[in-house]
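Structure below is upload.cif: mmCIF, C-alpha atoms.
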```
data_target
loop_
_atom_site.label_atom_id
_atom_site.label_comp_id
_atom_site.auth_asym_id
_atom_site.auth_seq_id
_atom_site.Cartn_x
_atom_site.Cartn_y
_atom_site.Cartn_z
CA MET A 1 -38.14 88.87 -61.57
CA ASN A 2 -38.87 86.65 -64.56
CA VAL A 3 -36.35 84.32 -66.13
CA LEU A 4 -35.61 86.65 -69.06
CA ASN A 5 -34.88 89.70 -66.93
CA ARG A 6 -32.94 87.59 -64.42
CA ALA A 7 -30.72 86.26 -67.19
CA ALA A 8 -30.29 89.78 -68.61
CA TYR A 9 -29.27 91.31 -65.28
CA ASN A 10 -26.83 88.46 -64.57
CA SER A 11 -25.24 88.50 -68.03
CA ARG A 12 -21.80 89.96 -68.71
CA PHE A 13 -23.41 92.44 -71.10
CA ALA A 14 -25.87 93.87 -68.55
CA ARG A 15 -23.83 97.08 -68.27
CA ILE A 16 -23.03 97.35 -71.96
CA HIS A 17 -24.77 100.25 -73.69
CA PRO A 18 -28.10 98.98 -75.10
CA ALA A 19 -27.55 100.81 -78.40
CA GLU A 20 -24.39 98.78 -79.01
CA LYS A 21 -26.18 95.51 -78.32
CA ALA A 22 -28.99 96.59 -80.64
CA ALA A 23 -26.40 97.46 -83.29
CA ILE A 24 -25.21 93.84 -83.15
CA CYS A 25 -28.53 91.98 -82.84
CA LEU A 26 -30.79 94.05 -85.10
CA PRO A 27 -28.65 93.54 -88.23
CA MET A 28 -28.95 89.80 -87.62
CA LEU A 29 -32.73 90.27 -87.46
CA PHE A 30 -32.80 92.25 -90.70
CA LEU A 31 -30.51 89.70 -92.38
CA SER A 32 -32.86 86.85 -91.44
CA LEU A 33 -35.84 88.76 -92.87
CA ILE A 34 -34.12 89.78 -96.11
CA TRP A 35 -32.06 86.66 -96.79
CA ARG A 36 -34.73 83.95 -96.39
CA ASP A 37 -32.52 80.93 -96.78
CA PRO A 38 -31.42 77.96 -94.61
CA ALA A 39 -27.81 79.12 -94.93
CA ALA A 40 -28.74 82.54 -93.53
CA THR A 41 -30.68 80.87 -90.71
CA PHE A 42 -27.67 78.74 -89.81
CA PHE A 43 -25.38 81.78 -89.85
CA VAL A 44 -27.73 83.94 -87.75
CA VAL A 45 -28.41 81.20 -85.18
CA ILE A 46 -24.68 80.50 -84.77
CA MET A 47 -23.88 84.21 -84.39
CA ALA A 48 -26.75 84.72 -81.92
CA SER A 49 -25.65 81.68 -79.92
CA MET A 50 -22.08 82.99 -79.78
CA PHE A 51 -23.36 86.39 -78.64
CA VAL A 52 -25.41 84.74 -75.89
CA PHE A 53 -22.48 82.54 -74.86
CA TRP A 54 -20.08 85.52 -74.68
CA GLY A 55 -22.71 87.31 -72.62
CA GLY A 56 -22.54 84.60 -69.97
CA VAL A 57 -26.07 83.31 -70.55
CA SER A 58 -26.64 79.56 -70.38
CA LEU A 59 -26.94 78.04 -73.83
CA ILE A 60 -29.27 75.42 -72.37
CA LEU A 61 -31.64 78.19 -71.25
CA TYR A 62 -31.34 79.82 -74.68
CA ILE A 63 -32.22 76.58 -76.47
CA ARG A 64 -35.12 75.88 -74.10
CA LEU A 65 -36.57 79.33 -74.74
CA LEU A 66 -36.27 78.85 -78.49
CA LEU A 67 -38.30 75.64 -78.34
CA ALA A 68 -41.54 77.58 -77.82
CA PRO A 69 -41.27 79.78 -80.95
CA ALA A 70 -39.98 76.76 -82.88
CA ALA A 71 -43.17 74.85 -82.04
CA PHE A 72 -45.38 77.79 -83.08
CA ILE A 73 -43.40 78.24 -86.31
CA LEU A 74 -43.73 74.55 -87.15
CA ALA A 75 -47.47 74.66 -86.55
CA GLY A 76 -47.74 77.80 -88.66
CA VAL A 77 -45.87 76.53 -91.72
CA LEU A 78 -47.65 73.18 -91.98
CA PRO A 79 -50.67 74.73 -93.74
CA ILE A 80 -48.27 76.41 -96.15
CA ALA A 81 -46.51 73.18 -97.04
CA PHE A 82 -49.57 70.95 -97.25
CA SER A 83 -53.06 71.42 -98.66
CA PHE A 84 -55.93 69.55 -97.12
CA GLU A 85 -58.94 68.68 -99.27
CA GLY A 86 -61.68 66.43 -98.01
CA TRP A 87 -61.05 63.49 -95.72
CA LEU A 88 -57.46 62.25 -95.58
CA SER A 89 -56.54 64.09 -98.76
CA ILE A 90 -53.20 65.85 -98.35
CA TYR A 91 -51.41 67.53 -101.23
CA ALA A 92 -47.98 69.10 -101.44
CA ASN A 93 -45.68 70.31 -104.16
CA LYS A 94 -42.11 71.50 -104.41
CA GLU A 95 -43.03 75.21 -104.42
CA SER A 96 -45.21 75.03 -101.30
CA ILE A 97 -42.64 73.04 -99.35
CA GLN A 98 -39.89 75.46 -100.38
CA GLU A 99 -42.05 78.42 -99.31
CA ALA A 100 -42.73 76.76 -95.95
CA VAL A 101 -39.02 76.11 -95.39
CA THR A 102 -37.99 79.68 -96.22
CA THR A 103 -40.75 81.10 -94.02
CA ALA A 104 -39.77 78.84 -91.11
CA CYS A 105 -36.08 79.71 -91.54
CA ALA A 106 -36.75 83.45 -91.53
CA ALA A 107 -39.04 83.24 -88.50
CA PHE A 108 -36.70 81.04 -86.46
CA ALA A 109 -33.64 83.16 -87.24
CA SER A 110 -35.58 86.28 -86.24
CA ALA A 111 -36.59 84.66 -82.96
CA ALA A 112 -32.99 83.62 -82.29
CA SER A 113 -31.66 87.15 -82.80
CA LEU A 114 -34.42 88.73 -80.70
CA TYR A 115 -33.86 86.29 -77.82
CA ALA A 116 -30.12 87.02 -77.98
CA PHE A 117 -30.90 90.71 -77.50
CA ILE A 118 -33.52 90.20 -74.78
CA LEU A 119 -31.39 87.76 -72.75
CA THR A 120 -28.50 90.24 -72.57
CA THR A 121 -30.44 93.51 -72.22
CA PRO A 122 -32.42 94.36 -69.05
CA PHE A 123 -35.95 95.50 -69.77
CA THR A 124 -35.32 99.00 -68.42
CA GLN A 125 -32.60 99.43 -71.06
CA ILE A 126 -35.03 98.28 -73.74
CA ILE A 127 -37.52 100.91 -72.54
CA TRP A 128 -34.75 103.54 -72.64
CA LEU A 129 -33.86 102.49 -76.19
CA MET A 130 -37.48 102.75 -77.32
CA ASN A 131 -37.69 106.25 -75.82
CA VAL A 132 -34.52 107.26 -77.65
CA CYS A 133 -36.01 105.93 -80.90
CA LYS A 134 -38.98 108.29 -80.33
CA LEU A 135 -41.57 105.53 -80.30
CA PRO A 136 -45.04 106.64 -79.13
CA SER A 137 -45.24 106.85 -75.34
CA LEU A 138 -48.55 104.98 -75.33
CA PHE A 139 -46.95 102.07 -77.19
CA ILE A 140 -44.03 101.99 -74.72
CA GLU A 141 -46.38 102.03 -71.71
CA ILE A 142 -48.47 99.20 -73.17
CA VAL A 143 -45.34 97.14 -73.85
CA ALA A 144 -44.12 97.66 -70.27
CA LEU A 145 -47.53 96.83 -68.80
CA VAL A 146 -48.00 93.67 -70.86
CA TYR A 147 -44.42 92.55 -70.24
CA ARG A 148 -44.70 92.88 -66.47
CA PHE A 149 -48.22 91.45 -66.25
CA ILE A 150 -47.59 88.37 -68.40
CA PHE A 151 -44.45 87.28 -66.60
CA GLN A 152 -45.80 88.14 -63.17
CA LEU A 153 -48.91 86.11 -63.97
CA TRP A 154 -46.70 83.23 -65.10
CA GLU A 155 -44.65 83.33 -61.89
CA LYS A 156 -47.77 83.46 -59.73
CA LYS A 157 -49.23 80.52 -61.64
CA SER A 158 -46.09 78.48 -60.97
CA GLU A 159 -46.23 79.34 -57.26
CA VAL A 160 -49.90 78.34 -56.95
CA ILE A 161 -49.42 75.07 -58.84
CA MET A 162 -46.42 74.19 -56.66
CA ALA A 163 -48.37 74.99 -53.50
CA GLN A 164 -51.28 72.81 -54.66
CA THR A 165 -48.89 69.97 -55.50
CA LEU A 166 -47.23 70.12 -52.08
CA ARG A 167 -50.66 70.03 -50.42
CA SER A 168 -51.72 67.14 -52.67
CA GLY A 169 -54.36 69.28 -54.31
CA ARG A 170 -57.07 67.41 -56.16
CA PRO A 171 -57.32 68.03 -59.92
CA GLY A 172 -60.66 68.95 -61.38
CA ILE A 173 -62.70 71.75 -62.89
CA GLN A 174 -63.61 73.28 -59.53
CA MET A 175 -59.99 73.27 -58.33
CA ALA A 176 -58.78 74.72 -61.63
CA ALA A 177 -61.39 77.50 -61.50
CA ARG A 178 -60.43 78.43 -57.94
CA ALA A 179 -56.76 78.42 -58.85
CA ALA A 180 -57.39 80.65 -61.90
CA VAL A 181 -59.35 83.19 -59.85
CA HIS A 182 -56.70 83.19 -57.12
CA ILE A 183 -53.85 83.58 -59.62
CA PHE A 184 -55.51 86.50 -61.40
CA THR A 185 -56.54 88.41 -58.27
CA SER A 186 -53.25 87.85 -56.46
CA THR A 187 -51.35 88.97 -59.56
CA LEU A 188 -53.32 92.22 -59.73
CA MET A 189 -52.77 92.87 -56.01
CA GLU A 190 -49.05 92.15 -56.28
CA MET A 191 -48.74 94.43 -59.32
CA ASN A 192 -50.34 97.26 -57.35
CA GLU A 193 -47.95 96.66 -54.43
CA ARG A 194 -44.92 96.60 -56.71
CA GLN A 195 -46.05 99.72 -58.51
CA HIS A 196 -46.47 101.48 -55.16
CA ALA A 197 -42.95 100.40 -54.17
CA VAL A 198 -41.63 101.63 -57.52
CA ASP A 199 -43.29 105.01 -57.01
CA LEU A 200 -41.78 105.33 -53.53
CA ARG A 201 -38.31 104.58 -54.94
CA GLY A 202 -38.83 107.09 -57.71
CA GLY A 203 -38.61 104.60 -60.58
CA LEU A 204 -37.87 101.05 -61.63
CA ASP A 205 -34.84 99.12 -60.47
CA TYR A 206 -32.28 99.81 -63.16
CA ILE A 207 -28.60 100.05 -63.95
CA PRO A 208 -27.74 103.78 -64.08
CA SER A 209 -26.63 105.03 -67.49
CA SER A 210 -23.46 106.37 -65.85
CA GLU A 211 -22.42 102.73 -65.28
CA TRP A 212 -23.00 101.66 -68.87
CA GLN A 213 -19.87 100.45 -70.62
CA SER A 214 -18.87 99.83 -74.19
CA PHE A 215 -17.69 96.91 -76.30
CA TRP A 216 -15.25 99.16 -78.11
CA ARG A 217 -13.61 101.25 -75.41
CA LYS A 218 -12.68 100.69 -71.82
CA LYS A 219 -14.31 102.75 -69.12
CA LYS A 220 -11.93 105.23 -67.54
#
```
Would you kindly transcribe this structure into structure tokens?
Amino acid sequence: MNVLNRAAYNSRFARIHPAEKAAICLPMLFLSLIWRDPAATFFVVIMASMFVFWGGVSLILYIRLLLAPAAFILAGVLPIAFSFEGWLSIYANKESIQEAVTTACAAFASAASLYAFILTTPFTQIIWLMNVCKLPSLFIEIVALVYRFIFQLWEKKSEVIMAQTLRSGRPGIQMAARAAVHIFTSTLMEMNERQHAVDLRGGLDYIPSSEWQSFWRKKK
């Protein structure tokens, strides 16, 4: 189980109805896209952090996860803020810098609200919510496949690198190529085994909808 799903299943909001969590996090996402301003970014990030904190998710984990999109956003807005002409010729003006700041603010606030939703909502609930929203079944299947494959590949990569480190593996192109082939093939084999186990159980591990609770009313 990857770090996102582990945090979601262990959060206090794991058994809260996914529609209610979406009703809280999605308006923050829309606000960050419509109100492209540093003040809106500050407000959305604070609200998302409070939501994550109330959900029992580590704020340190939340901040660490936000570092990756922050780095990509920073790299993406640099060409907006600065113009490069010739060798060592960099130009910038007030309008371009302001556009870069507003774009970065909107993107970072959107990432903060999405991570707040993902870290408190198990993936099976997200799939259920997409089905309820009548999204195309092909799109939902692709999302589930990519989600599982990427994080399973990441976990397998970490296991192989740790095993090589413990055995004092030698760095180099040949070692890296062997590790890449082993990671990819072992990930495919493990995905097939997990899918077979899922089929035997009749579905994914999930929290039954009968156990879902609500923010607004207590379960009888």
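In this structure, atom CA of A:Asp37 sits 7.2 Å away from atom CA of A:Ala106.
Note that the spacing between atom CA of A:Ser11 and atom CA of A:Leu119 amounts to 7.8 Å.
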Nearest to A:Met28, restricted to all atoms listed in the file and choosing among A:Ala104, A:Ala7, A:Ile118, A:Ala40, comes out as A:Ala40
TODO: Considering all atoms listed in the file, return as an MDAnalysis selection string whatever protein or nucleic-acid residues lie within 10 Å of A:Ile97, sequence-local ones (same chain, fewer than 2 positions apart) excluded.
DONE: chainID A and resid 77:82 92:95 99:103
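As for atom CA of A:Ile140 and atom CA of A:Ile73, they are spaced 26.4 Å apart.
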- Item | Test item: the PyMOL selection byres ((chain A and resi 41) around 10) resolved as a ChimeraX atom specification | /A:28,31-33,35-40,42-47,102,104-110,112
Preceding selection exported with C-alpha atoms as a PDB file, in the coordinates of the input:
```
ATOM      1  CA  MET A  28     -28.950  89.800 -87.620  1.00  0.00           C
ATOM      2  CA  LEU A  31     -30.510  89.700 -92.380  1.00  0.00           C
ATOM      3  CA  SER A  32     -32.860  86.850 -91.440  1.00  0.00           C
ATOM      4  CA  LEU A  33     -35.840  88.760 -92.870  1.00  0.00           C
ATOM      5  CA  TRP A  35     -32.060  86.660 -96.790  1.00  0.00           C
ATOM      6  CA  ARG A  36     -34.730  83.950 -96.390  1.00  0.00           C
ATOM      7  CA  ASP A  37     -32.520  80.930 -96.780  1.00  0.00           C
ATOM      8  CA  PRO A  38     -31.420  77.960 -94.610  1.00  0.00           C
ATOM      9  CA  ALA A  39     -27.810  79.120 -94.930  1.00  0.00           C
ATOM     10  CA  ALA A  40     -28.740  82.540 -93.530  1.00  0.00           C
ATOM     11  CA  PHE A  42     -27.670  78.740 -89.810  1.00  0.00           C
ATOM     12  CA  PHE A  43     -25.380  81.780 -89.850  1.00  0.00           C
ATOM     13  CA  VAL A  44     -27.730  83.940 -87.750  1.00  0.00           C
ATOM     14  CA  VAL A  45     -28.410  81.200 -85.180  1.00  0.00           C
ATOM     15  CA  ILE A  46     -24.680  80.500 -84.770  1.00  0.00           C
ATOM     16  CA  MET A  47     -23.880  84.210 -84.390  1.00  0.00           C
ATOM     17  CA  THR A 102     -37.990  79.680 -96.220  1.00  0.00           C
ATOM     18  CA  ALA A 104     -39.770  78.840 -91.110  1.00  0.00           C
ATOM     19  CA  CYS A 105     -36.080  79.710 -91.540  1.00  0.00           C
ATOM     20  CA  ALA A 106     -36.750  83.450 -91.530  1.00  0.00           C
ATOM     21  CA  ALA A 107     -39.040  83.240 -88.500  1.00  0.00           C
ATOM     22  CA  PHE A 108     -36.700  81.040 -86.460  1.00  0.00           C
ATOM     23  CA  ALA A 109     -33.640  83.160 -87.240  1.00  0.00           C
ATOM     24  CA  SER A 110     -35.580  86.280 -86.240  1.00  0.00           C
ATOM     25  CA  ALA A 112     -32.990  83.620 -82.290  1.00  0.00           C
TER      26      ALA A 112
END
```
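Among the candidates A:Cys133, A:Trp54, A:Ala111, A:Ser83, the one nearest to A:Pro69 when counting only C-alpha atoms is A:Ala111.
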Show me, as lines of an AutoDock Vina configuration file, the centre and edge lengths in Å to one decimal of the axis-aligned box that covers every listed atom of stretch 88-98 of chain A with 6 Å on each side.
```
center_x = -48.7
center_y = 68.9
center_z = -100.0
size_x = 29.6
size_y = 25.2
size_z = 20.8
```
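In terms of minimum interatomic distance to A:Leu4, A:Tyr62 ranks closest within A:Tyr62, A:Phe139, A:Tyr91, A:Phe72, counting all atoms listed in the file.
Distances from A:Ala48, A:Val132, A:Ile142, A:Ile127 to A:Leu26 were compared using all atoms listed in the file, and the smallest one belongs to A:Ala48.
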Q: Please provide the set of residues having any atom within 9 Å of A:Ala22, restricted to all atoms listed in the file, with same-chain residues fewer than 5 positions apart removed, written as JSON, numbers by chain.
A: {"A": [17, 27, 117, 129]}
Export C-alpha atoms of the chosen residues as a tab-separated table (two decimals), keeping the file's coordinate frame?
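Generated output (result14.tsv):
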```tsv
chain	number	residue	atom	x	y	z
A	17	HIS	CA	-24.77	100.25	-73.69
A	27	PRO	CA	-28.65	93.54	-88.23
A	117	PHE	CA	-30.90	90.71	-77.50
A	129	LEU	CA	-33.86	102.49	-76.19
```
Your completed stretch 96-107 of chain A with all heavy atoms, as a PDB file, in the coordinates of the input:
```
ATOM      1  N   SER A  96     -44.627  74.784-102.616  1.00  0.00           N
ATOM      2  CA  SER A  96     -45.210  75.030-101.300  1.00  0.00           C
ATOM      3  C   SER A  96     -44.268  74.610-100.190  1.00  0.00           C
ATOM      4  O   SER A  96     -44.142  75.303 -99.164  1.00  0.00           O
ATOM      5  CB  SER A  96     -46.542  74.293-101.172  1.00  0.00           C
ATOM      6  OG  SER A  96     -46.365  72.880-101.257  1.00  0.00           O
ATOM      7  N   ILE A  97     -43.591  73.489-100.369  1.00  0.00           N
ATOM      8  CA  ILE A  97     -42.640  73.040 -99.350  1.00  0.00           C
ATOM      9  C   ILE A  97     -41.471  74.016 -99.248  1.00  0.00           C
ATOM     10  O   ILE A  97     -40.998  74.353 -98.147  1.00  0.00           O
ATOM     11  CB  ILE A  97     -42.148  71.616 -99.663  1.00  0.00           C
ATOM     12  CG1 ILE A  97     -43.309  70.619 -99.516  1.00  0.00           C
ATOM     13  CG2 ILE A  97     -40.993  71.229 -98.740  1.00  0.00           C
ATOM     14  CD1 ILE A  97     -42.949  69.194 -99.855  1.00  0.00           C
ATOM     15  N   GLN A  98     -40.985  74.495-100.398  1.00  0.00           N
ATOM     16  CA  GLN A  98     -39.890  75.460-100.380  1.00  0.00           C
ATOM     17  C   GLN A  98     -40.314  76.759 -99.706  1.00  0.00           C
ATOM     18  O   GLN A  98     -39.547  77.355 -98.934  1.00  0.00           O
ATOM     19  CB  GLN A  98     -39.418  75.732-101.802  1.00  0.00           C
ATOM     20  CG  GLN A  98     -38.193  76.626-101.868  1.00  0.00           C
ATOM     21  CD  GLN A  98     -37.684  76.781-103.284  1.00  0.00           C
ATOM     22  OE1 GLN A  98     -38.245  76.212-104.227  1.00  0.00           O
ATOM     23  NE2 GLN A  98     -36.612  77.545-103.456  1.00  0.00           N
ATOM     24  N   GLU A  99     -41.543  77.217 -99.955  1.00  0.00           N
ATOM     25  CA  GLU A  99     -42.050  78.420 -99.310  1.00  0.00           C
ATOM     26  C   GLU A  99     -42.173  78.222 -97.810  1.00  0.00           C
ATOM     27  O   GLU A  99     -41.853  79.122 -97.024  1.00  0.00           O
ATOM     28  CB  GLU A  99     -43.403  78.796 -99.913  1.00  0.00           C
ATOM     29  CG  GLU A  99     -44.030  80.043 -99.301  1.00  0.00           C
ATOM     30  CD  GLU A  99     -43.213  81.299 -99.548  1.00  0.00           C
ATOM     31  OE1 GLU A  99     -42.440  81.314-100.537  1.00  0.00           O
ATOM     32  OE2 GLU A  99     -43.353  82.246 -98.753  1.00  0.00           O
ATOM     33  N   ALA A 100     -42.617  77.039 -97.385  1.00  0.00           N
ATOM     34  CA  ALA A 100     -42.730  76.760 -95.950  1.00  0.00           C
ATOM     35  C   ALA A 100     -41.361  76.745 -95.291  1.00  0.00           C
ATOM     36  O   ALA A 100     -41.182  77.270 -94.176  1.00  0.00           O
ATOM     37  CB  ALA A 100     -43.438  75.421 -95.735  1.00  0.00           C
ATOM     38  N   VAL A 101     -40.371  76.170 -95.964  1.00  0.00           N
ATOM     39  CA  VAL A 101     -39.020  76.110 -95.390  1.00  0.00           C
ATOM     40  C   VAL A 101     -38.420  77.503 -95.261  1.00  0.00           C
ATOM     41  O   VAL A 101     -37.840  77.851 -94.223  1.00  0.00           O
ATOM     42  CB  VAL A 101     -38.122  75.210 -96.264  1.00  0.00           C
ATOM     43  CG1 VAL A 101     -36.663  75.323 -95.837  1.00  0.00           C
ATOM     44  CG2 VAL A 101     -38.575  73.755 -96.162  1.00  0.00           C
ATOM     45  N   THR A 102     -38.550  78.329 -96.292  1.00  0.00           N
ATOM     46  CA  THR A 102     -37.990  79.680 -96.220  1.00  0.00           C
ATOM     47  C   THR A 102     -38.699  80.527 -95.160  1.00  0.00           C
ATOM     48  O   THR A 102     -38.046  81.297 -94.448  1.00  0.00           O
ATOM     49  CB  THR A 102     -38.111  80.372 -97.587  1.00  0.00           C
ATOM     50  OG1 THR A 102     -39.481  80.344 -98.026  1.00  0.00           O
ATOM     51  CG2 THR A 102     -37.252  79.669 -98.619  1.00  0.00           C
ATOM     52  N   THR A 103     -40.023  80.363 -95.049  1.00  0.00           N
ATOM     53  CA  THR A 103     -40.750  81.100 -94.020  1.00  0.00           C
ATOM     54  C   THR A 103     -40.320  80.664 -92.630  1.00  0.00           C
ATOM     55  O   THR A 103     -40.105  81.500 -91.736  1.00  0.00           O
ATOM     56  CB  THR A 103     -42.265  80.887 -94.191  1.00  0.00           C
ATOM     57  OG1 THR A 103     -42.664  81.318 -95.492  1.00  0.00           O
ATOM     58  CG2 THR A 103     -43.036  81.665 -93.145  1.00  0.00           C
ATOM     59  N   ALA A 104     -40.193  79.353 -92.418  1.00  0.00           N
ATOM     60  CA  ALA A 104     -39.770  78.840 -91.110  1.00  0.00           C
ATOM     61  C   ALA A 104     -38.349  79.298 -90.777  1.00  0.00           C
ATOM     62  O   ALA A 104     -38.056  79.669 -89.631  1.00  0.00           O
ATOM     63  CB  ALA A 104     -39.859  77.321 -91.092  1.00  0.00           C
ATOM     64  N   CYS A 105     -37.464  79.286 -91.775  1.00  0.00           N
ATOM     65  CA  CYS A 105     -36.080  79.710 -91.540  1.00  0.00           C
ATOM     66  C   CYS A 105     -36.018  81.186 -91.128  1.00  0.00           C
ATOM     67  O   CYS A 105     -35.322  81.548 -90.186  1.00  0.00           O
ATOM     68  CB  CYS A 105     -35.245  79.469 -92.787  1.00  0.00           C
ATOM     69  SG  CYS A 105     -34.908  77.726 -93.136  1.00  0.00           S
ATOM     70  N   ALA A 106     -36.755  82.028 -91.859  1.00  0.00           N
ATOM     71  CA  ALA A 106     -36.750  83.450 -91.530  1.00  0.00           C
ATOM     72  C   ALA A 106     -37.322  83.717 -90.149  1.00  0.00           C
ATOM     73  O   ALA A 106     -36.781  84.511 -89.373  1.00  0.00           O
ATOM     74  CB  ALA A 106     -37.541  84.228 -92.594  1.00  0.00           C
ATOM     75  N   ALA A 107     -38.412  83.031 -89.804  1.00  0.00           N
ATOM     76  CA  ALA A 107     -39.040  83.240 -88.500  1.00  0.00           C
ATOM     77  C   ALA A 107     -38.152  82.751 -87.366  1.00  0.00           C
ATOM     78  O   ALA A 107     -38.010  83.432 -86.335  1.00  0.00           O
ATOM     79  CB  ALA A 107     -40.391  82.535 -88.460  1.00  0.00           C
TER      80      ALA A 107
END
```
